[in-house]
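For reference, the structure discussed in these notes is given below.
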Amino acid sequence: MTELHVVTGAGPVGWTVAEQLAAQGHSVRILTRSGNGPEHPMIERRAVDIESDDLRRHLDGATAVYHCTHVAYENTVWRNKLVAMQNRVLDAAAGTVVAFPESLYAYGRVDGPIREDSPREATFRKLGVRTQLLAARDAHATPTVSVAASDFYGPRVITSHMGERVISPILAGKPVRVLASADLPHSFTYVPDLAAAMLTAAASPSMWNTVLHAPTAPAVSQRTMIEMFSAAADLPTPKIGAIPTWALRLLSAVPGPMKELGDTLYQFRYPYLLDSSRSEAILGLQPTPLADGTAATMAWWTASTPAVSA
């Protein structure tokens with residue numbers, strides 16, 4: 001008898017979680033507002049509004065739930081929606097473990113590597129929302145496990161610092177401009193590694209009610225990532241420039257996307273290092289080498305560029 005696993009959201013994380021579960025032979029039910037999701041004989045797609053629909057019948061019988069739904073990258077939207085959405089899922093799960101992909105925002109700025117025991121006490125804007133979400137999970141009776149990752153890269157990752165804003169110019173032979181500095185070390189998490197960690201943690205009661213780090217390769221610079229993407233696609237490395245900090249600060253004073261990026265500008269002005277070694281030992285997983293991850297990423301982009309552009 002196959003187990004039923006429920007996934008909310010079909011962004012790069014939810015989509016990858018659903019695909020990995022199906023590949024393991026599990027029955028998967030993916031819930032999205034549009035009814036979108038991977039096409040696979042083991043995956044059932046349902047059109048469900050997490051914010052308003054009765055979730056209990058959709059989560060009934062699940063062995064685990066993976067809450068991968070997100071909202072627009074904007075402080076007010078996060079504050080108004082994310083905690084309420086999370087609590088609706090936790091209430092409906094009614095004791096079934098819920099696994100969450102998590103960011104590093106709650107740590108705030110850390111001098112040195114970010115480890116699992118680093119304080120998660122940030123309060124500023126979106127950073128504080130992530131702290132609030134983690135606190136709400138701790139306070140709820142439903143078991144949870146949170147797997148924190150650094151900036152994403154990988155197949156289906158579009159709206160990321162290592163998504164279309166660097167890969168589209170590489171494919172088009174155009175210059176790339178990155179935030180603040182092209183040469184500081186920065187950790188990047190391969191989304192399939194995050195998904196694998198969520199599956200392993202959800203299946204392991206000893207890991208419940210903890211915060212783990214997704215297996216993440218050693219930090220490299222934004223320049224190195226761009227060079228690796230280019231090499232993987234057998235393309236010349238484009239000219240790489242950086243938007244200076246003073247310009248980013250000026251732009252972040254104006255409401256809009258740049259103001260939202262301003263909340264986390266410290267991640268690109270200083271070394272940003274995720275240490276996942278302890279979690280790797282607990283999970284029994286290793287990060288995908290950057291050479292393999294960038295190759296798989298560029299293979300997906302090369303095959304999907306017309307659809308992504310549309």
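Residue numbering restarts at 1 for every chain of the structure tokens, chains are lettered A, B, ... in their displayed order, and ligands are numbered from 1 as they appear.
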Review point. Could you pull out all residues of stretch 46-236 of chain A with a DSSP call of strand (DSSP E or B) and give them as a ChimeraX atom specification?
Key: /A:46-47,64-67,98-102,114,144-148,151-153,176-179,185-186,188-190,211-213,220-221
Point to revise | In stretch 94-306 of chain A, DSSP helix (DSSP H, G or I) residues written as number ranges by chain | key: A: 105-107, 125-139, 164-172, 191-202, 205-207, 222-232, 245-252, 257-262, 266-269, 277-283, 290-306
Hey, which bits of stretch 196-215 of chain A sit within 9 Å of stretch 17-41 of chain A, and for each residue what's the closest pair of atoms and how far apart in Å (one decimal), counting only C-alpha atoms, rows by chain and increasing number, as CSV?
```
residue,atom,partner,partner_atom,distance
A:Ala196,CA,A:Val17,CA,7.4
A:Met198,CA,A:Val17,CA,7.9
A:Leu199,CA,A:Val17,CA,7.4
```
Filtering to N, CA, C and O atoms, could you give me those residues as a PDB file, in the first residue's frame?
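out36.pdb written:
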```pdb
ATOM      1  N   ALA A 196      15.276  16.801  -1.237  1.00  0.00           N
ATOM      2  CA  ALA A 196      15.681  15.513  -0.673  1.00  0.00           C
ATOM      3  C   ALA A 196      15.783  15.586   0.843  1.00  0.00           C
ATOM      4  O   ALA A 196      15.400  14.640   1.551  1.00  0.00           O
ATOM      5  N   MET A 198      14.057  17.607   2.809  1.00  0.00           N
ATOM      6  CA  MET A 198      12.699  17.688   3.350  1.00  0.00           C
ATOM      7  C   MET A 198      12.052  16.306   3.407  1.00  0.00           C
ATOM      8  O   MET A 198      11.404  15.962   4.398  1.00  0.00           O
ATOM      9  N   LEU A 199      12.239  15.508   2.362  1.00  0.00           N
ATOM     10  CA  LEU A 199      11.666  14.160   2.354  1.00  0.00           C
ATOM     11  C   LEU A 199      12.263  13.302   3.465  1.00  0.00           C
ATOM     12  O   LEU A 199      11.548  12.602   4.185  1.00  0.00           O
TER      13      LEU A 199
END
```
Point to revise | Spatial neighbours of stretch 203-217 of chain A, 6 Å, only C-alpha atoms, chain gap at least 5 places, as a PyMOL selection string | key: chain A and resi 143-149+189+194+276+279-280+286-287
Point to revise | A:Thr264, A:Ser187, A:Thr237, A:Thr224 ranked by distance to A:Ala122, top pick (using only C-alpha atoms) | key: A:Thr264
Practice item. Name the closest residue to A:Glu44 among the candidates A:Thr96, A:Thr69, A:Ser160, A:Thr8; distances are taken between atoms, counting only C-alpha atoms. Key: A:Thr8
